[in-house]
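Note: the block below is final.cif and it holds mmCIF, N, CA and C atoms.
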```
data_input
loop_
_atom_site.label_atom_id
_atom_site.label_comp_id
_atom_site.auth_asym_id
_atom_site.auth_seq_id
_atom_site.Cartn_x
_atom_site.Cartn_y
_atom_site.Cartn_z
N MET A 227 163.63 131.07 49.96
CA MET A 227 163.17 130.99 48.59
C MET A 227 164.34 131.09 47.62
N LYS A 228 165.29 132.01 47.92
CA LYS A 228 166.45 132.18 47.06
C LYS A 228 167.29 130.90 47.05
N ASN A 229 167.45 130.27 48.22
CA ASN A 229 168.22 129.04 48.33
C ASN A 229 167.56 127.91 47.53
N LEU A 230 166.22 127.83 47.57
CA LEU A 230 165.48 126.82 46.83
C LEU A 230 165.66 127.02 45.32
N THR A 231 165.64 128.28 44.87
CA THR A 231 165.83 128.59 43.46
C THR A 231 167.23 128.20 43.01
N LEU A 232 168.24 128.48 43.82
CA LEU A 232 169.61 128.12 43.47
C LEU A 232 169.77 126.61 43.42
N THR A 233 169.14 125.90 44.35
CA THR A 233 169.20 124.44 44.34
C THR A 233 168.54 123.89 43.10
N ALA A 234 167.37 124.43 42.73
CA ALA A 234 166.67 123.99 41.52
C ALA A 234 167.52 124.25 40.28
N LEU A 235 168.19 125.40 40.23
CA LEU A 235 169.06 125.72 39.10
C LEU A 235 170.24 124.75 39.05
N ALA A 236 170.85 124.50 40.18
CA ALA A 236 171.98 123.56 40.23
C ALA A 236 171.53 122.16 39.83
N CYS A 237 170.32 121.76 40.26
CA CYS A 237 169.81 120.44 39.90
C CYS A 237 169.56 120.36 38.40
N SER A 238 169.01 121.42 37.82
CA SER A 238 168.70 121.41 36.39
C SER A 238 169.98 121.32 35.56
N LEU A 239 171.08 121.82 36.10
CA LEU A 239 172.37 121.75 35.41
C LEU A 239 173.08 120.42 35.68
N GLY A 240 172.50 119.61 36.59
CA GLY A 240 173.08 118.31 36.88
C GLY A 240 174.30 118.35 37.75
N LEU A 241 174.42 119.36 38.57
CA LEU A 241 175.58 119.45 39.45
C LEU A 241 175.43 118.45 40.59
N PHE A 242 176.44 117.65 40.81
CA PHE A 242 176.38 116.57 41.78
C PHE A 242 176.24 117.06 43.22
N MET A 243 176.87 118.15 43.53
CA MET A 243 176.90 118.58 44.93
C MET A 243 175.67 119.39 45.32
N ALA A 244 174.70 119.48 44.45
CA ALA A 244 173.54 120.31 44.74
C ALA A 244 172.60 119.68 45.75
N GLY A 245 172.65 118.37 45.92
CA GLY A 245 171.79 117.71 46.89
C GLY A 245 170.37 117.51 46.39
N CYS A 246 170.20 117.24 45.12
CA CYS A 246 168.88 117.02 44.56
C CYS A 246 168.42 115.62 44.97
N SER A 247 167.21 115.54 45.49
CA SER A 247 166.78 114.25 46.02
C SER A 247 165.61 113.64 45.26
N SER A 248 164.89 114.41 44.47
CA SER A 248 163.76 113.84 43.73
C SER A 248 163.68 114.45 42.34
N LEU A 249 162.96 113.76 41.46
CA LEU A 249 162.84 114.24 40.08
C LEU A 249 162.21 115.62 39.99
N SER A 250 161.29 115.92 40.89
CA SER A 250 160.61 117.21 40.84
C SER A 250 161.56 118.38 41.14
N ASP A 251 162.77 118.09 41.66
CA ASP A 251 163.77 119.14 41.89
C ASP A 251 164.45 119.57 40.59
N TYR A 252 164.31 118.79 39.53
CA TYR A 252 165.02 119.04 38.27
C TYR A 252 164.14 119.75 37.26
N GLU A 253 164.77 120.58 36.43
CA GLU A 253 164.09 121.21 35.31
C GLU A 253 163.95 120.21 34.16
N THR A 254 165.02 119.46 33.89
CA THR A 254 165.04 118.46 32.83
C THR A 254 164.67 117.12 33.43
N LEU A 255 163.81 116.37 32.74
CA LEU A 255 163.40 115.05 33.22
C LEU A 255 163.85 113.98 32.22
N PRO A 256 163.81 112.72 32.63
CA PRO A 256 164.11 111.65 31.67
C PRO A 256 163.20 111.76 30.45
N SER A 257 163.70 111.31 29.32
CA SER A 257 162.92 111.42 28.08
C SER A 257 162.39 110.05 27.65
N LEU A 258 161.33 110.09 26.88
CA LEU A 258 160.70 108.90 26.32
C LEU A 258 160.76 109.04 24.80
N THR A 259 161.30 108.04 24.11
CA THR A 259 161.43 108.08 22.66
C THR A 259 160.86 106.81 22.05
N ILE A 260 159.95 106.98 21.10
CA ILE A 260 159.41 105.86 20.33
C ILE A 260 160.16 105.85 19.01
N THR A 261 160.73 104.70 18.65
CA THR A 261 161.62 104.67 17.49
C THR A 261 161.02 104.04 16.24
N ASP A 262 159.90 103.32 16.36
CA ASP A 262 159.30 102.68 15.19
C ASP A 262 157.92 102.15 15.54
N CYS A 263 157.23 101.69 14.52
CA CYS A 263 155.93 101.05 14.69
C CYS A 263 155.78 100.10 13.51
N SER A 264 155.41 98.85 13.79
CA SER A 264 155.22 97.90 12.70
C SER A 264 154.03 96.99 13.00
N PHE A 265 153.48 96.44 11.93
CA PHE A 265 152.37 95.50 12.03
C PHE A 265 152.86 94.12 11.59
N ASP A 266 152.60 93.11 12.39
CA ASP A 266 152.87 91.73 12.00
C ASP A 266 151.52 91.08 11.74
N THR A 267 151.23 90.81 10.47
CA THR A 267 149.93 90.26 10.10
C THR A 267 150.03 88.79 9.67
N SER A 268 151.10 88.11 10.06
CA SER A 268 151.28 86.71 9.67
C SER A 268 150.19 85.81 10.26
N ASP A 269 149.70 86.13 11.45
CA ASP A 269 148.56 85.42 12.04
C ASP A 269 147.34 86.31 11.85
N ARG A 270 146.50 85.99 10.90
CA ARG A 270 145.38 86.85 10.53
C ARG A 270 144.33 86.96 11.64
N THR A 271 144.29 86.03 12.57
CA THR A 271 143.32 86.12 13.66
C THR A 271 143.85 86.91 14.85
N HIS A 272 145.18 87.09 14.89
CA HIS A 272 145.80 87.83 15.99
C HIS A 272 146.94 88.70 15.47
N PRO A 273 146.62 89.78 14.73
CA PRO A 273 147.70 90.67 14.28
C PRO A 273 148.38 91.36 15.46
N VAL A 274 149.65 91.70 15.26
CA VAL A 274 150.46 92.28 16.33
C VAL A 274 150.96 93.66 15.92
N ILE A 275 150.92 94.59 16.86
CA ILE A 275 151.55 95.90 16.68
C ILE A 275 152.80 95.89 17.56
N ALA A 276 153.95 96.18 16.97
CA ALA A 276 155.22 96.21 17.71
C ALA A 276 155.75 97.64 17.76
N VAL A 277 156.10 98.07 18.97
CA VAL A 277 156.55 99.45 19.18
C VAL A 277 157.80 99.46 20.08
N PRO A 278 158.98 99.66 19.49
CA PRO A 278 160.18 99.82 20.31
C PRO A 278 160.27 101.24 20.88
N TYR A 279 160.67 101.32 22.14
CA TYR A 279 160.80 102.63 22.78
C TYR A 279 161.96 102.60 23.77
N CYS A 280 162.45 103.80 24.11
CA CYS A 280 163.53 103.93 25.08
C CYS A 280 163.23 105.05 26.07
N ILE A 281 163.68 104.86 27.28
CA ILE A 281 163.66 105.89 28.31
C ILE A 281 165.11 106.23 28.60
N ASN A 282 165.47 107.49 28.44
CA ASN A 282 166.85 107.94 28.69
C ASN A 282 166.85 108.87 29.89
N ASN A 283 167.76 108.59 30.82
CA ASN A 283 167.86 109.39 32.03
C ASN A 283 169.19 110.14 32.05
N PRO A 284 169.16 111.47 31.79
CA PRO A 284 170.39 112.25 31.78
C PRO A 284 170.78 112.77 33.17
N LEU A 285 170.02 112.39 34.19
CA LEU A 285 170.21 112.98 35.53
C LEU A 285 171.20 112.20 36.37
N ASP A 286 171.66 112.83 37.43
CA ASP A 286 172.61 112.21 38.35
C ASP A 286 171.92 111.47 39.49
N ILE A 287 170.63 111.19 39.35
CA ILE A 287 169.90 110.33 40.28
C ILE A 287 169.09 109.34 39.44
N SER A 288 168.77 108.19 40.02
CA SER A 288 167.95 107.23 39.28
C SER A 288 166.52 107.75 39.19
N ALA A 289 165.82 107.34 38.15
CA ALA A 289 164.44 107.78 37.93
C ALA A 289 163.50 106.60 38.10
N ASP A 290 162.60 106.71 39.06
CA ASP A 290 161.62 105.65 39.30
C ASP A 290 160.42 105.88 38.41
N ILE A 291 160.19 104.95 37.48
CA ILE A 291 159.09 105.06 36.53
C ILE A 291 157.94 104.20 37.03
N ALA A 292 156.77 104.79 37.17
CA ALA A 292 155.60 104.04 37.63
C ALA A 292 154.96 103.27 36.48
N ARG A 293 154.68 103.98 35.38
CA ARG A 293 154.01 103.34 34.25
C ARG A 293 154.14 104.19 33.01
N VAL A 294 153.86 103.56 31.87
CA VAL A 294 153.79 104.26 30.59
C VAL A 294 152.42 103.91 29.99
N HIS A 295 151.65 104.93 29.67
CA HIS A 295 150.34 104.72 29.04
C HIS A 295 150.53 104.82 27.53
N PHE A 296 150.15 103.76 26.80
CA PHE A 296 150.26 103.72 25.35
C PHE A 296 148.88 103.78 24.72
N SER A 297 148.76 104.54 23.64
CA SER A 297 147.56 104.58 22.81
C SER A 297 148.00 104.23 21.39
N TYR A 298 147.43 103.14 20.85
CA TYR A 298 147.79 102.64 19.53
C TYR A 298 146.68 102.97 18.55
N LYS A 299 147.03 103.62 17.43
CA LYS A 299 146.05 103.94 16.39
C LYS A 299 146.50 103.38 15.05
N ALA A 300 145.52 102.91 14.29
CA ALA A 300 145.75 102.47 12.91
C ALA A 300 144.75 103.22 12.04
N ASN A 301 145.25 103.95 11.05
CA ASN A 301 144.41 104.76 10.17
C ASN A 301 143.45 105.66 10.95
N GLY A 302 143.94 106.23 12.04
CA GLY A 302 143.15 107.17 12.83
C GLY A 302 142.22 106.53 13.84
N LEU A 303 142.06 105.21 13.80
CA LEU A 303 141.18 104.50 14.74
C LEU A 303 142.01 103.99 15.91
N THR A 304 141.58 104.32 17.13
CA THR A 304 142.26 103.78 18.30
C THR A 304 141.93 102.29 18.39
N VAL A 305 142.95 101.46 18.23
CA VAL A 305 142.73 100.02 18.23
C VAL A 305 143.08 99.37 19.56
N TYR A 306 143.84 100.08 20.40
CA TYR A 306 144.20 99.51 21.71
C TYR A 306 144.80 100.61 22.58
N GLU A 307 144.54 100.52 23.88
CA GLU A 307 145.17 101.38 24.88
C GLU A 307 145.60 100.51 26.04
N GLU A 308 146.72 100.86 26.64
CA GLU A 308 147.19 100.09 27.79
C GLU A 308 148.03 100.95 28.72
N ASN A 309 147.99 100.58 29.99
CA ASN A 309 148.90 101.12 30.99
C ASN A 309 149.93 100.04 31.24
N HIS A 310 151.15 100.31 30.85
CA HIS A 310 152.24 99.35 31.04
C HIS A 310 152.98 99.72 32.32
N ALA A 311 152.77 98.94 33.37
CA ALA A 311 153.42 99.19 34.66
C ALA A 311 154.89 98.78 34.56
N LEU A 312 155.77 99.72 34.79
CA LEU A 312 157.20 99.40 34.76
C LEU A 312 157.71 99.05 36.14
N GLU A 313 157.33 99.87 37.11
CA GLU A 313 157.73 99.65 38.51
C GLU A 313 159.21 99.33 38.65
N ASN A 314 160.02 100.03 37.88
CA ASN A 314 161.47 99.91 38.05
C ASN A 314 162.09 101.27 37.85
N SER A 315 163.38 101.34 38.03
CA SER A 315 164.03 102.63 37.88
C SER A 315 165.06 102.56 36.76
N VAL A 316 165.32 103.73 36.20
CA VAL A 316 166.37 103.86 35.20
C VAL A 316 167.55 104.51 35.92
N ASP A 317 168.68 103.83 35.91
CA ASP A 317 169.86 104.30 36.63
C ASP A 317 170.27 105.70 36.19
N LYS A 318 170.99 106.39 37.08
CA LYS A 318 171.49 107.71 36.72
C LYS A 318 172.35 107.59 35.47
N PHE A 319 172.17 108.55 34.56
CA PHE A 319 172.85 108.59 33.27
C PHE A 319 172.63 107.32 32.45
N GLY A 320 171.54 106.59 32.73
CA GLY A 320 171.29 105.32 32.06
C GLY A 320 170.11 105.37 31.10
N SER A 321 169.82 104.21 30.54
CA SER A 321 168.67 104.10 29.64
C SER A 321 168.04 102.72 29.77
N PHE A 322 166.80 102.64 29.35
CA PHE A 322 166.04 101.39 29.36
C PHE A 322 165.28 101.33 28.04
N CYS A 323 165.43 100.24 27.31
CA CYS A 323 164.73 100.08 26.03
C CYS A 323 164.04 98.72 25.99
N GLU A 324 162.89 98.70 25.35
CA GLU A 324 162.19 97.44 25.12
C GLU A 324 161.21 97.64 23.96
N THR A 325 160.64 96.56 23.49
CA THR A 325 159.62 96.62 22.44
C THR A 325 158.31 96.12 23.02
N ARG A 326 157.29 96.97 22.96
CA ARG A 326 155.94 96.58 23.38
C ARG A 326 155.29 95.88 22.21
N ARG A 327 154.67 94.75 22.47
CA ARG A 327 153.94 94.01 21.46
C ARG A 327 152.50 93.86 21.93
N VAL A 328 151.59 94.33 21.09
CA VAL A 328 150.17 94.26 21.40
C VAL A 328 149.51 93.33 20.39
N THR A 329 148.85 92.30 20.89
CA THR A 329 148.16 91.35 20.03
C THR A 329 146.67 91.69 20.01
N LEU A 330 146.16 91.92 18.81
CA LEU A 330 144.73 92.21 18.65
C LEU A 330 143.98 90.91 18.40
N ASP A 331 142.72 90.89 18.75
CA ASP A 331 141.89 89.69 18.61
C ASP A 331 140.83 89.95 17.53
N ALA A 332 140.99 89.32 16.37
CA ALA A 332 140.09 89.56 15.24
C ALA A 332 138.67 89.05 15.52
N GLU A 333 138.53 88.05 16.38
CA GLU A 333 137.19 87.52 16.69
C GLU A 333 136.42 88.46 17.60
N ASN A 334 137.05 88.96 18.64
CA ASN A 334 136.36 89.80 19.62
C ASN A 334 136.38 91.29 19.30
N ASP A 335 137.31 91.71 18.46
CA ASP A 335 137.36 93.11 18.05
C ASP A 335 137.70 93.19 16.56
N PRO A 336 136.75 92.77 15.73
CA PRO A 336 137.04 92.69 14.28
C PRO A 336 137.34 94.04 13.63
N LYS A 337 136.75 95.12 14.13
CA LYS A 337 136.99 96.43 13.52
C LYS A 337 138.45 96.85 13.69
N ALA A 338 138.98 96.71 14.91
CA ALA A 338 140.38 97.08 15.16
C ALA A 338 141.33 96.19 14.37
N ALA A 339 141.10 94.89 14.40
CA ALA A 339 141.98 93.96 13.71
C ALA A 339 141.93 94.17 12.19
N SER A 340 140.73 94.37 11.64
CA SER A 340 140.63 94.53 10.19
C SER A 340 141.32 95.81 9.71
N THR A 341 141.36 96.84 10.55
CA THR A 341 142.06 98.07 10.20
C THR A 341 143.56 97.80 10.05
N VAL A 342 144.10 96.99 10.93
CA VAL A 342 145.52 96.63 10.85
C VAL A 342 145.76 95.65 9.71
N LEU A 343 144.81 94.73 9.48
CA LEU A 343 144.98 93.70 8.46
C LEU A 343 144.77 94.19 7.03
N ASN A 344 144.13 95.32 6.84
CA ASN A 344 143.82 95.81 5.50
C ASN A 344 145.10 96.23 4.78
N THR A 345 145.59 95.35 3.93
CA THR A 345 146.85 95.62 3.22
C THR A 345 146.60 96.18 1.82
N MET A 346 145.33 96.42 1.47
CA MET A 346 145.01 96.97 0.15
C MET A 346 145.44 98.44 0.06
N LEU A 347 145.46 99.12 1.18
CA LEU A 347 145.81 100.53 1.23
C LEU A 347 147.04 100.72 2.11
N SER A 348 147.66 101.88 1.97
CA SER A 348 148.71 102.23 2.93
C SER A 348 148.04 102.44 4.29
N ARG A 349 148.67 101.97 5.33
CA ARG A 349 148.12 102.11 6.67
C ARG A 349 148.98 103.06 7.49
N THR A 350 148.34 103.82 8.33
CA THR A 350 149.05 104.73 9.21
C THR A 350 149.08 104.12 10.61
N CYS A 351 150.27 104.04 11.16
CA CYS A 351 150.45 103.57 12.53
C CYS A 351 150.84 104.78 13.37
N GLU A 352 150.05 105.05 14.38
CA GLU A 352 150.31 106.21 15.23
C GLU A 352 150.31 105.77 16.70
N ILE A 353 151.36 106.14 17.41
CA ILE A 353 151.50 105.77 18.81
C ILE A 353 151.68 107.03 19.63
N LYS A 354 150.92 107.11 20.71
CA LYS A 354 151.10 108.19 21.69
C LYS A 354 151.38 107.51 23.03
N ALA A 355 152.34 108.05 23.75
CA ALA A 355 152.72 107.47 25.04
C ALA A 355 152.96 108.58 26.06
N VAL A 356 152.58 108.30 27.30
CA VAL A 356 152.82 109.23 28.41
C VAL A 356 153.47 108.43 29.54
N MET A 357 154.63 108.92 30.00
CA MET A 357 155.37 108.26 31.07
C MET A 357 155.11 108.98 32.39
N TYR A 358 154.71 108.21 33.40
CA TYR A 358 154.43 108.74 34.73
C TYR A 358 155.49 108.25 35.71
N PHE A 359 155.91 109.13 36.59
CA PHE A 359 156.95 108.82 37.56
C PHE A 359 156.35 108.48 38.93
N ASP A 360 157.13 107.77 39.75
CA ASP A 360 156.70 107.52 41.13
C ASP A 360 156.60 108.83 41.90
N ASP A 361 157.46 109.77 41.61
CA ASP A 361 157.44 111.11 42.22
C ASP A 361 156.24 111.86 41.62
N LYS A 362 155.17 111.95 42.38
CA LYS A 362 153.91 112.55 41.89
C LYS A 362 154.06 114.04 41.55
N ASP A 363 155.10 114.69 42.07
CA ASP A 363 155.31 116.11 41.78
C ASP A 363 156.03 116.32 40.45
N ALA A 364 156.60 115.27 39.89
CA ALA A 364 157.28 115.38 38.59
C ALA A 364 156.23 115.28 37.48
N LYS A 365 156.32 116.19 36.53
CA LYS A 365 155.34 116.21 35.44
C LYS A 365 155.54 115.02 34.51
N PRO A 366 154.45 114.42 34.03
CA PRO A 366 154.57 113.32 33.08
C PRO A 366 155.26 113.78 31.78
N VAL A 367 155.91 112.85 31.12
CA VAL A 367 156.62 113.12 29.88
C VAL A 367 155.92 112.35 28.76
N SER A 368 155.73 113.00 27.61
CA SER A 368 155.01 112.33 26.53
C SER A 368 155.88 112.19 25.28
N ALA A 369 155.46 111.28 24.40
CA ALA A 369 156.12 111.07 23.12
C ALA A 369 155.08 110.58 22.13
N ASP A 370 155.33 110.82 20.86
CA ASP A 370 154.45 110.26 19.84
C ASP A 370 155.27 109.90 18.61
N PHE A 371 154.68 109.03 17.81
CA PHE A 371 155.34 108.53 16.62
C PHE A 371 154.27 108.21 15.59
N LYS A 372 154.55 108.54 14.34
CA LYS A 372 153.59 108.26 13.26
C LYS A 372 154.35 107.78 12.05
N LYS A 373 153.82 106.75 11.41
CA LYS A 373 154.50 106.15 10.27
C LYS A 373 153.46 105.59 9.30
N VAL A 374 153.71 105.74 8.01
CA VAL A 374 152.86 105.14 6.99
C VAL A 374 153.50 103.79 6.62
N ILE A 375 152.69 102.74 6.71
CA ILE A 375 153.15 101.39 6.38
C ILE A 375 152.48 100.99 5.07
N LYS A 376 153.27 100.65 4.09
CA LYS A 376 152.72 100.28 2.76
C LYS A 376 152.55 98.79 2.63
#
```
Translate the structure of the given file into structure tokens.
Amino acid sequence: MKNLTLTALACSLGLFMAGCSSLSDYETLPSLTITDCSFDTSDRTHPVIAVPYCINNPLDISADIARVHFSYKANGLTVYEENHALENSVDKFGSFCETRRVTLDAENDPKAASTVLNTMLSRTCEIKAVMYFDDKDAKPVSADFKKVIK
């Protein structure tokens, strides 16, 4: 037990010689950061929500990311949810960034689309995301972002 605790401590400090083999051995996990949220309403029948995000891995092993679950809200109304399967890894001491684009359908979901399209008022864009790892013993990491769009 004492040896396991010392290994966990060494892993959390990022010591290379500790022999850490999985994410669940570490105290610190890769982070998920959402950097913005915007609405593209140029196509009134298919408005788009764009959300840039990054995964940063401060560890000395690569991090296998299974998926990121996104929940998109406009003015407090959940307009879309998705599980974005990444099925790739973020290299040790590396990062991965991309922009998720969600297209809403005004014909099939007029309530969600009209909430995004309503430019008469300031709109609130709120994103919640949870990142899940391939290592089932590693706890999921979450992030959120909120912005008022005028």
Check your understanding: Of the candidates A:Cys351, A:Asp360, A:Asp290, A:Asn301, which shows the shortest atom-to-atom distance to Asp262 in chain A, using all atoms listed in the file?
Key ->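 Among the listed residues, the smallest separation from Asp262 in chain A belongs to A:Cys351.
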Need to verify the contact set: Val277 in chain A, 6.5 Å, all atoms listed in the file, exclusion of same-chain residues closer than 4 positions in sequence. Can you return it as a PDB file with N, CA and C atoms, in the coordinates of the input?
```
ATOM      1  N   THR A 261     160.730 104.700  18.650  1.00  0.00           N
ATOM      2  CA  THR A 261     161.620 104.670  17.490  1.00  0.00           C
ATOM      3  C   THR A 261     161.020 104.040  16.240  1.00  0.00           C
ATOM      4  N   ASP A 262     159.900 103.320  16.360  1.00  0.00           N
ATOM      5  CA  ASP A 262     159.300 102.680  15.190  1.00  0.00           C
ATOM      6  C   ASP A 262     157.920 102.150  15.540  1.00  0.00           C
ATOM      7  N   CYS A 263     157.230 101.690  14.520  1.00  0.00           N
ATOM      8  CA  CYS A 263     155.930 101.050  14.690  1.00  0.00           C
ATOM      9  C   CYS A 263     155.780 100.100  13.510  1.00  0.00           C
ATOM     10  N   SER A 264     155.410  98.850  13.790  1.00  0.00           N
ATOM     11  CA  SER A 264     155.220  97.900  12.700  1.00  0.00           C
ATOM     12  C   SER A 264     154.030  96.990  13.000  1.00  0.00           C
ATOM     13  N   GLU A 324     162.890  98.700  25.350  1.00  0.00           N
ATOM     14  CA  GLU A 324     162.190  97.440  25.120  1.00  0.00           C
ATOM     15  C   GLU A 324     161.210  97.640  23.960  1.00  0.00           C
ATOM     16  N   THR A 325     160.640  96.560  23.490  1.00  0.00           N
ATOM     17  CA  THR A 325     159.620  96.620  22.440  1.00  0.00           C
ATOM     18  C   THR A 325     158.310  96.120  23.020  1.00  0.00           C
ATOM     19  N   ARG A 326     157.290  96.970  22.960  1.00  0.00           N
ATOM     20  CA  ARG A 326     155.940  96.580  23.380  1.00  0.00           C
ATOM     21  C   ARG A 326     155.290  95.880  22.210  1.00  0.00           C
ATOM     22  N   ARG A 327     154.670  94.750  22.470  1.00  0.00           N
ATOM     23  CA  ARG A 327     153.940  94.010  21.460  1.00  0.00           C
ATOM     24  C   ARG A 327     152.500  93.860  21.930  1.00  0.00           C
ATOM     25  N   VAL A 328     151.590  94.330  21.090  1.00  0.00           N
ATOM     26  CA  VAL A 328     150.170  94.260  21.400  1.00  0.00           C
ATOM     27  C   VAL A 328     149.510  93.330  20.390  1.00  0.00           C
TER      28      VAL A 328
END
```
**Study point:** Backbone-only DSSP, strand (DSSP E or B) members of range 291-369 of chain A, as JSON, numbers by chain
**Key:** {"A": [291, 292, 293, 294, 295, 296, 297, 298, 299, 300, 303, 304, 305, 306, 307, 308, 309, 310, 311, 312, 313, 314, 315, 316, 321, 322, 323, 324, 325, 326, 327, 328, 329, 349, 350, 351, 352, 353, 354, 355, 356, 357, 358, 359, 367, 368, 369]}
Restrict the selected residues to N, CA and C atoms and save them as a short mmCIF file (atom, residue, chain, number, x, y, z; two decimals), in the coordinates of the input.
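The result, written out as out_27.cif:
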```
data_model
loop_
_atom_site.label_atom_id
_atom_site.label_comp_id
_atom_site.auth_asym_id
_atom_site.auth_seq_id
_atom_site.Cartn_x
_atom_site.Cartn_y
_atom_site.Cartn_z
N ILE A 291 160.19 104.95 37.48
CA ILE A 291 159.09 105.06 36.53
C ILE A 291 157.94 104.20 37.03
N ALA A 292 156.77 104.79 37.17
CA ALA A 292 155.60 104.04 37.63
C ALA A 292 154.96 103.27 36.48
N ARG A 293 154.68 103.98 35.38
CA ARG A 293 154.01 103.34 34.25
C ARG A 293 154.14 104.19 33.01
N VAL A 294 153.86 103.56 31.87
CA VAL A 294 153.79 104.26 30.59
C VAL A 294 152.42 103.91 29.99
N HIS A 295 151.65 104.93 29.67
CA HIS A 295 150.34 104.72 29.04
C HIS A 295 150.53 104.82 27.53
N PHE A 296 150.15 103.76 26.80
CA PHE A 296 150.26 103.72 25.35
C PHE A 296 148.88 103.78 24.72
N SER A 297 148.76 104.54 23.64
CA SER A 297 147.56 104.58 22.81
C SER A 297 148.00 104.23 21.39
N TYR A 298 147.43 103.14 20.85
CA TYR A 298 147.79 102.64 19.53
C TYR A 298 146.68 102.97 18.55
N LYS A 299 147.03 103.62 17.43
CA LYS A 299 146.05 103.94 16.39
C LYS A 299 146.50 103.38 15.05
N ALA A 300 145.52 102.91 14.29
CA ALA A 300 145.75 102.47 12.91
C ALA A 300 144.75 103.22 12.04
N LEU A 303 142.06 105.21 13.80
CA LEU A 303 141.18 104.50 14.74
C LEU A 303 142.01 103.99 15.91
N THR A 304 141.58 104.32 17.13
CA THR A 304 142.26 103.78 18.30
C THR A 304 141.93 102.29 18.39
N VAL A 305 142.95 101.46 18.23
CA VAL A 305 142.73 100.02 18.23
C VAL A 305 143.08 99.37 19.56
N TYR A 306 143.84 100.08 20.40
CA TYR A 306 144.20 99.51 21.71
C TYR A 306 144.80 100.61 22.58
N GLU A 307 144.54 100.52 23.88
CA GLU A 307 145.17 101.38 24.88
C GLU A 307 145.60 100.51 26.04
N GLU A 308 146.72 100.86 26.64
CA GLU A 308 147.19 100.09 27.79
C GLU A 308 148.03 100.95 28.72
N ASN A 309 147.99 100.58 29.99
CA ASN A 309 148.90 101.12 30.99
C ASN A 309 149.93 100.04 31.24
N HIS A 310 151.15 100.31 30.85
CA HIS A 310 152.24 99.35 31.04
C HIS A 310 152.98 99.72 32.32
N ALA A 311 152.77 98.94 33.37
CA ALA A 311 153.42 99.19 34.66
C ALA A 311 154.89 98.78 34.56
N LEU A 312 155.77 99.72 34.79
CA LEU A 312 157.20 99.40 34.76
C LEU A 312 157.71 99.05 36.14
N GLU A 313 157.33 99.87 37.11
CA GLU A 313 157.73 99.65 38.51
C GLU A 313 159.21 99.33 38.65
N ASN A 314 160.02 100.03 37.88
CA ASN A 314 161.47 99.91 38.05
C ASN A 314 162.09 101.27 37.85
N SER A 315 163.38 101.34 38.03
CA SER A 315 164.03 102.63 37.88
C SER A 315 165.06 102.56 36.76
N VAL A 316 165.32 103.73 36.20
CA VAL A 316 166.37 103.86 35.20
C VAL A 316 167.55 104.51 35.92
N SER A 321 169.82 104.21 30.54
CA SER A 321 168.67 104.10 29.64
C SER A 321 168.04 102.72 29.77
N PHE A 322 166.80 102.64 29.35
CA PHE A 322 166.04 101.39 29.36
C PHE A 322 165.28 101.33 28.04
N CYS A 323 165.43 100.24 27.31
CA CYS A 323 164.73 100.08 26.03
C CYS A 323 164.04 98.72 25.99
N GLU A 324 162.89 98.70 25.35
CA GLU A 324 162.19 97.44 25.12
C GLU A 324 161.21 97.64 23.96
N THR A 325 160.64 96.56 23.49
CA THR A 325 159.62 96.62 22.44
C THR A 325 158.31 96.12 23.02
N ARG A 326 157.29 96.97 22.96
CA ARG A 326 155.94 96.58 23.38
C ARG A 326 155.29 95.88 22.21
N ARG A 327 154.67 94.75 22.47
CA ARG A 327 153.94 94.01 21.46
C ARG A 327 152.50 93.86 21.93
N VAL A 328 151.59 94.33 21.09
CA VAL A 328 150.17 94.26 21.40
C VAL A 328 149.51 93.33 20.39
N THR A 329 148.85 92.30 20.89
CA THR A 329 148.16 91.35 20.03
C THR A 329 146.67 91.69 20.01
N ARG A 349 148.67 101.97 5.33
CA ARG A 349 148.12 102.11 6.67
C ARG A 349 148.98 103.06 7.49
N THR A 350 148.34 103.82 8.33
CA THR A 350 149.05 104.73 9.21
C THR A 350 149.08 104.12 10.61
N CYS A 351 150.27 104.04 11.16
CA CYS A 351 150.45 103.57 12.53
C CYS A 351 150.84 104.78 13.37
N GLU A 352 150.05 105.05 14.38
CA GLU A 352 150.31 106.21 15.23
C GLU A 352 150.31 105.77 16.70
N ILE A 353 151.36 106.14 17.41
CA ILE A 353 151.50 105.77 18.81
C ILE A 353 151.68 107.03 19.63
N LYS A 354 150.92 107.11 20.71
CA LYS A 354 151.10 108.19 21.69
C LYS A 354 151.38 107.51 23.03
N ALA A 355 152.34 108.05 23.75
CA ALA A 355 152.72 107.47 25.04
C ALA A 355 152.96 108.58 26.06
N VAL A 356 152.58 108.30 27.30
CA VAL A 356 152.82 109.23 28.41
C VAL A 356 153.47 108.43 29.54
N MET A 357 154.63 108.92 30.00
CA MET A 357 155.37 108.26 31.07
C MET A 357 155.11 108.98 32.39
N TYR A 358 154.71 108.21 33.40
CA TYR A 358 154.43 108.74 34.73
C TYR A 358 155.49 108.25 35.71
N PHE A 359 155.91 109.13 36.59
CA PHE A 359 156.95 108.82 37.56
C PHE A 359 156.35 108.48 38.93
N VAL A 367 155.91 112.85 31.12
CA VAL A 367 156.62 113.12 29.88
C VAL A 367 155.92 112.35 28.76
N SER A 368 155.73 113.00 27.61
CA SER A 368 155.01 112.33 26.53
C SER A 368 155.88 112.19 25.28
N ALA A 369 155.46 111.28 24.40
CA ALA A 369 156.12 111.07 23.12
C ALA A 369 155.08 110.58 22.13
#
```
Exercise for review: Determine the residue set returned by the PyMOL selection byres ((chain A and resi 329) around 6) for the present structure, and present it as a list of chain:residue names.
Suggested key: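 Those residues are A:His272, A:Pro273, A:Val274, A:Ile275, A:Arg327, A:Val328, A:Leu330, A:Asp331.
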Check your understanding: If you measure from atom N of Ala300 in chain A to atom N of Thr267 in chain A, what distance in Å do you get, rounded to one decimal?
Key ->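 Separation of atom N of Ala300 in chain A and atom N of Thr267 in chain A: 13.9 Å.
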Check your understanding: Among range 263-373 of chain A, which ones does DSSP place in alpha helix (DSSP H), written as a PyMOL selection string?
Key -> chain A and resi 336-343
Review point. How many Å separate CA of Arg293 in chain A from atom N of Cys323 in chain A?
Key: 13.7 Å
